[in-house]
>>> print(open('model_7.cif').read())   # mmCIF, C-alpha atoms
data_my_file
loop_
_atom_site.label_atom_id
_atom_site.label_comp_id
_atom_site.auth_asym_id
_atom_site.auth_seq_id
_atom_site.Cartn_x
_atom_site.Cartn_y
_atom_site.Cartn_z
CA MET Z 1 91.82 98.05 36.55
CA THR Z 2 94.80 97.40 38.81
CA ILE Z 3 96.35 93.95 38.73
CA THR Z 4 98.31 92.86 41.76
CA THR Z 5 100.52 89.82 41.98
CA THR Z 6 101.55 87.87 45.02
CA ARG Z 7 104.35 85.43 45.57
CA PRO Z 8 103.03 81.83 45.64
CA GLU Z 9 102.77 80.45 49.16
CA PRO Z 10 105.20 77.58 49.74
CA ALA Z 11 103.79 74.09 50.07
CA SER Z 12 105.53 73.48 53.40
CA ALA Z 13 106.06 75.62 56.47
CA ASP Z 14 109.17 76.14 58.57
CA LEU Z 15 107.95 77.48 61.89
CA GLY Z 16 111.54 77.79 63.08
CA THR Z 17 112.06 80.71 60.69
CA ASP Z 18 108.53 82.12 60.95
CA PRO Z 19 108.47 85.08 63.37
CA GLU Z 20 104.82 84.37 64.19
CA GLY Z 21 105.41 80.68 64.90
CA PRO Z 22 102.39 78.47 65.56
CA ALA Z 23 100.42 81.12 67.45
CA GLY Z 24 97.14 81.81 65.70
CA ARG Z 25 97.61 78.98 63.20
CA ARG Z 26 94.81 76.51 62.63
CA VAL Z 27 96.13 72.93 62.49
CA LEU Z 28 94.30 69.82 61.29
CA THR Z 29 95.65 66.44 62.30
CA GLY Z 30 94.33 63.03 63.35
CA ASP Z 31 94.45 59.27 63.07
CA ARG Z 32 92.41 56.34 61.85
CA PRO Z 33 91.10 54.24 64.77
CA THR Z 34 92.51 50.91 63.58
CA GLY Z 35 94.24 49.85 66.82
CA PRO Z 36 96.41 51.13 69.67
CA LEU Z 37 98.89 53.94 69.17
CA HIS Z 38 102.54 53.10 69.74
CA LEU Z 39 105.86 54.82 70.39
CA GLY Z 40 106.28 55.57 66.69
CA HIS Z 41 103.07 57.63 66.81
CA TYR Z 42 104.10 59.23 70.09
CA PHE Z 43 107.52 60.47 68.99
CA GLY Z 44 106.43 61.05 65.40
CA THR Z 45 103.24 63.06 65.93
CA LEU Z 46 101.67 63.12 69.40
CA ARG Z 47 104.42 65.09 71.12
CA ASN Z 48 104.46 67.57 68.26
CA ARG Z 49 100.71 68.16 68.56
CA VAL Z 50 101.08 68.94 72.24
CA ARG Z 51 103.96 71.30 71.47
CA LEU Z 52 101.92 73.14 68.83
CA GLN Z 53 98.99 73.48 71.22
CA ARG Z 54 101.21 74.92 73.95
CA GLN Z 55 102.66 77.40 71.47
CA GLY Z 56 99.25 78.79 70.66
CA ALA Z 57 98.04 76.84 67.63
CA GLU Z 58 94.34 76.00 67.33
CA LEU Z 59 94.11 72.23 66.89
CA PHE Z 60 91.39 70.23 65.15
CA VAL Z 61 92.03 66.53 65.78
CA VAL Z 62 89.94 64.10 63.76
CA VAL Z 63 89.28 60.51 64.78
CA ALA Z 64 88.92 59.36 61.18
CA ASP Z 65 86.48 56.51 61.73
CA TYR Z 66 84.91 56.72 58.25
CA GLN Z 67 88.36 56.30 56.71
CA VAL Z 68 88.96 52.96 58.42
CA ILE Z 69 87.07 51.25 55.59
CA THR Z 70 89.25 52.68 52.82
CA ASP Z 71 91.55 49.64 52.89
CA ARG Z 72 89.59 46.97 54.79
CA ASP Z 73 86.20 45.36 54.43
CA ILE Z 74 85.07 45.66 58.06
CA ALA Z 75 85.59 48.42 60.63
CA ASP Z 76 86.40 46.11 63.54
CA ARG Z 77 85.78 47.35 67.15
CA LEU Z 78 85.42 50.88 65.84
CA ALA Z 79 83.90 52.53 68.93
CA GLU Z 80 86.46 50.93 71.25
CA HIS Z 81 89.41 51.93 69.06
CA SER Z 82 88.04 55.47 68.70
CA GLU Z 83 87.74 55.95 72.45
CA ASN Z 84 91.21 54.52 72.98
CA LEU Z 85 92.61 57.06 70.53
CA VAL Z 86 91.12 59.86 72.60
CA ILE Z 87 92.55 58.32 75.78
CA ASP Z 88 96.01 58.35 74.20
CA TYR Z 89 95.55 61.94 73.03
CA LEU Z 90 94.63 63.18 76.50
CA ALA Z 91 97.20 61.06 78.31
CA THR Z 92 100.01 62.51 76.21
CA GLY Z 93 98.93 66.08 76.91
CA LEU Z 94 96.27 67.30 74.49
CA ASP Z 95 93.82 69.62 76.23
CA PRO Z 96 90.20 69.05 75.10
CA GLU Z 97 89.26 72.49 76.40
CA SER Z 98 91.24 74.09 73.58
CA ALA Z 99 91.73 71.28 71.02
CA THR Z 100 88.64 70.21 69.05
CA ILE Z 101 88.69 66.40 69.13
CA PHE Z 102 85.91 64.82 67.08
CA ALA Z 103 84.89 61.73 65.13
CA HIS Z 104 84.62 61.92 61.35
CA SER Z 105 81.18 60.32 61.29
CA ALA Z 106 79.77 62.87 63.75
CA VAL Z 107 80.18 65.83 61.37
CA PRO Z 108 77.79 65.42 58.40
CA ALA Z 109 78.61 68.77 56.77
CA LEU Z 110 82.28 67.86 56.56
CA ASN Z 111 81.44 64.76 54.58
CA GLN Z 112 79.03 66.68 52.32
CA LEU Z 113 81.98 68.74 51.11
CA LEU Z 114 83.34 65.60 49.47
CA LEU Z 115 80.84 65.84 46.57
CA PRO Z 116 81.71 69.30 45.22
CA PHE Z 117 85.39 68.66 45.90
CA LEU Z 118 85.34 65.48 43.79
CA SER Z 119 84.23 67.56 40.82
CA LEU Z 120 87.49 69.52 41.03
CA VAL Z 121 89.88 66.61 40.42
CA SER Z 122 90.10 64.11 37.58
CA VAL Z 123 90.13 60.33 37.77
CA ALA Z 124 93.57 60.39 36.13
CA GLU Z 125 94.93 62.69 38.84
CA LEU Z 126 93.67 60.41 41.59
CA GLY Z 127 95.05 57.34 39.83
CA ARG Z 128 98.51 58.91 39.58
CA ASN Z 129 98.66 59.73 43.29
CA PRO Z 130 101.65 57.72 44.60
CA THR Z 131 100.20 57.41 48.10
CA VAL Z 132 96.98 55.95 46.67
CA LYS Z 133 99.02 53.47 44.64
CA ASP Z 134 100.94 52.38 47.72
CA GLU Z 135 97.79 52.05 49.82
CA ILE Z 136 96.11 49.98 47.12
CA ALA Z 137 99.16 47.69 47.03
CA HIS Z 138 98.85 47.13 50.80
CA SER Z 139 95.05 47.09 50.99
CA ARG Z 140 93.38 44.51 53.23
CA GLN Z 141 90.25 44.45 51.09
CA SER Z 142 89.25 41.54 48.90
CA ALA Z 143 88.77 44.12 46.11
CA VAL Z 144 89.81 47.76 46.01
CA SER Z 145 86.82 49.99 46.75
CA GLY Z 146 85.93 53.31 45.16
CA LEU Z 147 86.53 54.92 48.54
CA MET Z 148 90.23 54.20 48.15
CA PHE Z 149 90.42 56.49 45.11
CA THR Z 150 88.42 59.24 46.82
CA TYR Z 151 90.52 58.99 50.00
CA PRO Z 152 92.74 62.01 49.14
CA VAL Z 153 89.67 64.15 48.42
CA HIS Z 154 88.06 63.02 51.67
CA GLN Z 155 91.23 64.13 53.43
CA ALA Z 156 90.98 67.44 51.58
CA ALA Z 157 87.52 67.86 53.10
CA ASP Z 158 88.97 67.11 56.55
CA ILE Z 159 91.55 69.84 56.08
CA LEU Z 160 89.46 72.48 54.34
CA PHE Z 161 86.25 72.27 56.35
CA CYS Z 162 88.01 74.06 59.21
CA LYS Z 163 90.20 76.13 56.84
CA ALA Z 164 93.37 74.71 58.36
CA ASP Z 165 96.52 76.43 57.20
CA LEU Z 166 98.97 73.88 58.63
CA VAL Z 167 98.85 70.09 58.42
CA PRO Z 168 101.52 67.99 60.18
CA VAL Z 169 102.43 65.15 57.80
CA GLY Z 170 105.16 62.69 57.00
CA GLN Z 171 106.95 62.78 53.67
CA ASP Z 172 104.75 59.96 52.33
CA GLN Z 173 101.58 62.01 52.89
CA LEU Z 174 102.67 65.05 50.87
CA PRO Z 175 100.80 63.88 47.72
CA HIS Z 176 97.55 63.81 49.70
CA LEU Z 177 98.15 67.33 50.99
CA GLU Z 178 98.85 68.50 47.46
CA VAL Z 179 95.35 67.29 46.51
CA ALA Z 180 93.91 69.51 49.25
CA ARG Z 181 95.92 72.47 47.96
CA THR Z 182 94.69 71.79 44.43
CA VAL Z 183 91.06 71.53 45.56
CA ALA Z 184 91.33 74.81 47.48
CA ARG Z 185 92.88 76.64 44.52
CA ARG Z 186 90.43 75.27 41.93
CA PHE Z 187 87.37 75.96 44.05
CA ASN Z 188 88.45 79.55 44.64
CA GLU Z 189 89.19 80.03 40.92
CA ARG Z 190 86.07 78.30 39.60
CA TYR Z 191 83.57 80.04 41.85
CA GLY Z 192 85.36 83.35 42.28
CA ALA Z 193 85.37 83.01 46.03
CA GLY Z 194 88.42 83.18 48.26
CA ILE Z 195 86.92 80.78 50.75
CA PHE Z 196 89.77 78.36 51.25
CA PRO Z 197 93.39 78.93 52.22
CA ARG Z 198 95.98 76.68 50.60
CA PRO Z 199 97.15 74.54 53.52
CA ARG Z 200 100.85 73.99 54.03
CA ALA Z 201 102.65 70.89 55.24
CA LEU Z 202 104.41 70.91 58.57
CA LEU Z 203 106.94 68.13 58.13
CA SER Z 204 107.78 66.14 61.23
CA GLU Z 205 111.31 66.56 62.54
CA ALA Z 206 111.15 63.19 64.29
CA PRO Z 207 113.16 60.44 62.60
CA LEU Z 208 111.46 57.23 61.53
CA LEU Z 209 111.39 55.03 64.62
CA PRO Z 210 112.20 51.37 63.88
CA GLY Z 211 110.27 48.57 65.53
CA THR Z 212 111.71 45.75 67.60
CA ASP Z 213 112.60 43.85 64.43
CA GLY Z 214 114.56 46.74 62.92
CA GLY Z 215 111.83 47.52 60.37
CA LYS Z 216 109.30 50.35 60.42
CA MET Z 217 107.32 50.33 63.67
CA SER Z 218 103.79 49.30 62.74
CA LYS Z 219 100.67 47.98 64.46
CA SER Z 220 100.18 45.39 61.75
CA ARG Z 221 103.75 44.04 61.88
CA GLY Z 222 103.70 43.11 65.57
CA ASN Z 223 106.93 45.03 66.22
CA ALA Z 224 105.53 48.01 68.12
CA ILE Z 225 105.52 49.02 71.77
CA VAL Z 226 102.05 50.45 72.31
CA LEU Z 227 101.36 53.25 74.78
CA ALA Z 228 98.87 51.02 76.60
CA ALA Z 229 101.52 48.34 77.32
CA ASP Z 230 102.56 47.94 80.95
CA GLU Z 231 106.16 47.82 82.17
CA ASP Z 232 106.40 44.02 82.13
CA GLU Z 233 105.08 43.82 78.58
CA THR Z 234 107.52 46.51 77.51
CA ALA Z 235 110.41 44.54 79.04
CA ARG Z 236 109.27 41.40 77.22
CA LEU Z 237 109.04 43.18 73.87
CA VAL Z 238 112.45 44.77 74.24
CA ARG Z 239 114.04 41.46 75.29
CA GLY Z 240 112.72 39.92 72.08
CA ALA Z 241 114.09 42.74 69.89
CA ARG Z 242 116.44 41.78 67.09
CA THR Z 243 120.09 42.76 67.56
CA ASP Z 244 123.27 40.98 66.34
CA ALA Z 245 126.24 38.95 67.58
CA GLU Z 246 128.72 41.84 67.90
CA ARG Z 247 129.31 42.59 71.57
CA ARG Z 248 130.45 46.20 71.41
CA ILE Z 249 127.49 48.53 70.96
CA SER Z 250 127.76 51.13 68.21
CA TYR Z 251 125.30 53.36 66.41
CA ASP Z 252 125.28 52.24 62.78
CA PRO Z 253 121.76 52.52 61.24
CA ALA Z 254 122.82 51.01 57.91
CA GLY Z 255 124.99 48.18 59.19
CA ARG Z 256 123.25 47.40 62.49
CA PRO Z 257 119.58 48.45 62.14
CA GLY Z 258 118.30 46.48 65.12
CA VAL Z 259 120.89 47.90 67.52
CA ALA Z 260 120.50 51.39 66.05
CA GLY Z 261 116.73 51.31 66.47
CA LEU Z 262 116.99 50.41 70.14
CA LEU Z 263 119.59 53.12 70.72
CA GLN Z 264 117.37 55.65 68.96
CA LEU Z 265 114.38 54.69 71.11
CA ALA Z 266 116.29 55.04 74.37
CA ALA Z 267 117.85 58.30 73.20
CA LEU Z 268 114.45 59.82 72.41
CA CYS Z 269 113.17 58.85 75.85
CA GLN Z 270 116.21 60.37 77.59
CA ASP Z 271 116.65 63.39 75.30
CA ARG Z 272 120.17 62.29 74.37
CA THR Z 273 121.90 61.18 71.18
CA PRO Z 274 122.14 57.51 70.13
CA GLY Z 275 125.91 57.88 69.81
CA GLU Z 276 126.26 58.99 73.43
CA LEU Z 277 124.29 55.99 74.64
CA ALA Z 278 126.32 53.62 72.48
CA GLU Z 279 129.56 54.93 74.00
CA GLU Z 280 128.13 54.60 77.49
CA ILE Z 281 127.04 50.97 76.99
CA GLY Z 282 130.25 50.07 75.18
CA ASP Z 283 131.14 46.40 75.62
CA GLY Z 284 128.04 45.64 77.68
CA GLY Z 285 126.49 43.89 74.70
CA ALA Z 286 122.89 43.36 73.76
CA ALA Z 287 121.80 42.52 77.32
CA ALA Z 288 123.01 45.89 78.66
CA LEU Z 289 121.50 47.68 75.66
CA LYS Z 290 118.09 46.11 76.23
CA ARG Z 291 118.18 46.91 79.96
CA THR Z 292 118.94 50.52 79.12
CA VAL Z 293 116.10 50.71 76.60
CA THR Z 294 113.59 49.07 78.93
CA GLU Z 295 114.44 51.43 81.79
CA ALA Z 296 114.37 54.49 79.50
CA VAL Z 297 110.99 53.64 77.96
CA ASN Z 298 109.33 52.70 81.23
CA GLU Z 299 110.64 55.80 83.00
CA HIS Z 300 109.51 58.11 80.19
CA LEU Z 301 106.06 56.56 79.84
CA ARG Z 302 105.32 56.12 83.55
CA PRO Z 303 103.36 59.39 84.02
CA ILE Z 304 101.60 58.92 80.67
CA ARG Z 305 100.56 55.40 81.61
CA ALA Z 306 99.30 56.55 85.00
CA ARG Z 307 97.20 59.24 83.36
CA ARG Z 308 96.04 56.77 80.74
CA ALA Z 309 94.80 54.36 83.42
CA GLU Z 310 92.75 57.15 85.04
CA LEU Z 311 91.20 58.13 81.73
CA ALA Z 312 90.41 54.53 80.73
CA ALA Z 313 88.45 54.09 83.95
CA ASP Z 314 86.08 56.93 83.01
CA ARG Z 315 84.73 56.16 79.55
CA ALA Z 316 81.83 58.56 80.10
CA HIS Z 317 84.33 61.43 80.18
CA ILE Z 318 85.93 60.25 76.94
CA ARG Z 319 82.55 60.12 75.21
CA GLN Z 320 81.79 63.63 76.49
CA VAL Z 321 85.07 64.89 75.01
CA LEU Z 322 83.97 63.49 71.64
CA ARG Z 323 80.48 65.00 71.95
CA THR Z 324 81.87 68.42 72.83
CA GLY Z 325 84.38 68.22 69.99
CA ALA Z 326 81.63 67.22 67.56
CA GLU Z 327 79.53 70.23 68.57
CA ARG Z 328 82.43 72.59 67.85
CA ALA Z 329 83.38 70.84 64.61
CA ASN Z 330 79.76 70.82 63.40
CA ALA Z 331 79.45 74.57 63.92
CA VAL Z 332 82.58 75.17 61.84
CA ALA Z 333 81.62 72.64 59.15
CA ASP Z 334 78.07 73.99 58.83
CA ALA Z 335 79.40 77.51 58.31
CA THR Z 336 81.92 76.37 55.69
CA LEU Z 337 79.32 74.30 53.84
CA ALA Z 338 76.97 77.32 53.78
CA GLU Z 339 79.74 79.40 52.18
CA VAL Z 340 80.38 76.68 49.60
CA ARG Z 341 76.69 76.40 48.70
CA ALA Z 342 76.37 80.17 48.41
CA ALA Z 343 79.45 80.38 46.16
CA MET Z 344 78.07 77.61 43.94
CA GLY Z 345 74.57 79.08 43.86
CA ALA Z 346 73.19 75.83 45.20
CA VAL Z 347 69.51 75.51 46.08
CA GLY Z 348 70.44 74.68 49.66
CA SER Z 349 71.96 78.13 50.08
CA ALA Z 350 68.67 79.94 49.54
#
>>> encode(input="model_7.cif", output="structure tokens")
Amino acid sequence: MTITTTRPEPASADLGTDPEGPAGRRVLTGDRPTGPLHLGHYFGTLRNRVRLQRQGAELFVVVADYQVITDRDIADRLAEHSENLVIDYLATGLDPESATIFAHSAVPALNQLLLPFLSLVSVAELGRNPTVKDEIAHSRQSAVSGLMFTYPVHQAADILFCKADLVPVGQDQLPHLEVARTVARRFNERYGAGIFPRPRALLSEAPLLPGTDGGKMSKSRGNAIVLAADEDETARLVRGARTDAERRISYDPAGRPGVAGLLQLAALCQDRTPGELAEEIGDGGAAALKRTVTEAVNEHLRPIRARRAELAADRAHIRQVLRTGAERANAVADATLAEVRAAMGAVGSA
């Protein structure tokens, strides 16, 4: 018997040093439909998804409607929020002809994978997950549900049903991805079947974008500029942004977070550095800074907003995108579930 050894695959990917790049990679990404997407989402993830698609990656984008109820008692306006997510996806450049955009609840086989996957992790492992602990601390539920503990395994099913090998995540989501890697490894070892790849993290290069109050931009904190906002609303939000009394504008994230966040936002929109903008504004003060930010954001988002308005006027098209995506995702999920049942010797595989 010949024994071969292989070097363990790293947990994260650096496509900048990978000669193959994204071409041919299968990428799983998505969002929970809990409200409108904002500039933090756009610069943090949406632009990167479009870039990966253009570079040849195969994208599976999940509208994670089932996961809305992990940390809240009611899934409020779920259909509306789900459609609005798709509108934002398409407006920012995702192509539904090549990207598979689908709702979680529309793919039964994906969710059936949760049961065998749960048998591969212990309660203690789930309880130690730092992301689960943080989400429980910030839960909107009157009592923490069992779904909160199974959330990482549900995400593992999202990733593994399509055998994704790359998952764009932020640093705080790495523990969840490690659960998916563990599930893939244990399933392959337990059932002697090399069905699942061990997905790798693709860490976002985008810096954390502060909101208008200097804190993390968030839908729930009321400090976000959403993609659906018009130019007047954007101007109002920027005018109300927190700065300080010092007239000369400088880029100092630690000492002047409000000013630094506005500079960072304008710089991202203009593809410049925050320091360059600060030097340019100089002694113009907060008023000049806010004018610069408002003009930069509105100019950058103008074509996206125009496309978004067209898409929002044709909800039938948005629903068709979700139906088409569900058909593709169901075909993939059904095939994966059949492999899993066969490997386990389940009755359903006969």
>>> residues_around(input="model_7.cif", residues="segment 43-45 of chain Z", least_positions_apart="4", cutoff="12 Å", atoms="all atoms listed in the file", output="ChimeraX atom specification")
/Z:29-31,37-39,49-52,61,88-89,92,94,167-171,202-210,217,225-227,264-269,271,297,300-301
>>> resolve_selection(input="model_7.cif", expression="the PyMOL selection byres ((chain Z and resi 79) around 12)", output="list of chain:residue names")
Z:Arg32, Z:Pro33, Z:Thr34, Z:Gly35, Z:Val63, Z:Ala64, Z:Asp65, Z:Tyr66, Z:Val68, Z:Ala75, Z:Asp76, Z:Arg77, Z:Leu78, Z:Glu80, Z:His81, Z:Ser82, Z:Glu83, Z:Asn84, Z:Leu85, Z:Val86, Z:Ala103, Z:Ser105, Z:Arg315, Z:Ile318, Z:Arg319, Z:Leu322
>>> closest_residue(input="model_7.cif", among="Z:Gly261, Z:Pro108, Z:Pro96, Z:Pro175", to="Val321 of chain Z", atoms="all atoms listed in the file")
Z:Pro96
>>> axis_aligned_box(input="model_7.cif", around="segment 79-94 of chain Z", padding_each_side="6 Å", output="AutoDock Vina command-line options")
--center_x 92.0 --center_y 59.1 --center_z 73.5 --size_x 28.1 --size_y 28.4 --size_z 21.6
>>> residues_near_point(input="model_7.cif", point="(95.9, 75.7, 76.0)", cutoff="8 Å", atoms="only C-alpha atoms", output="ChimeraX atom specification")
/Z:53-54,56,95,97-99
>>> atom_distance(input="model_7.cif", atom1="atom CA of Asp158 of chain Z", atom2="atom CA of His104 of chain Z")
8.3 Å
>>> atom_distance(input="model_7.cif", atom1="atom CA of Arg242 of chain Z", atom2="atom CA of Gly258 of chain Z")
5.4 Å
>>> closest_residue(input="model_7.cif", among="Z:Asp230, Z:Asp165, Z:His176, Z:Ile195", to="Ala309 of chain Z", atoms="all atoms listed in the file")
Z:Asp230
>>> closest_residue(input="model_7.cif", among="Z:Ala245, Z:Val332, Z:Ala338, Z:Leu263", to="Glu276 of chain Z", atoms="all atoms listed in the file")
Z:Leu263
>>> atom_distance(input="model_7.cif", atom1="atom CA of Arg308 of chain Z", atom2="atom CA of Arg272 of chain Z")
25.6 Å
>>> resolve_selection(input="model_7.cif", expression="the PyMOL selection byres ((chain Z and resi 246-248) around 8)", output="list in words")
Asp244, Ala245, Ile249, Ser250, Gly282, Asp283, Gly284, Gly285 and Ala286 of chain Z
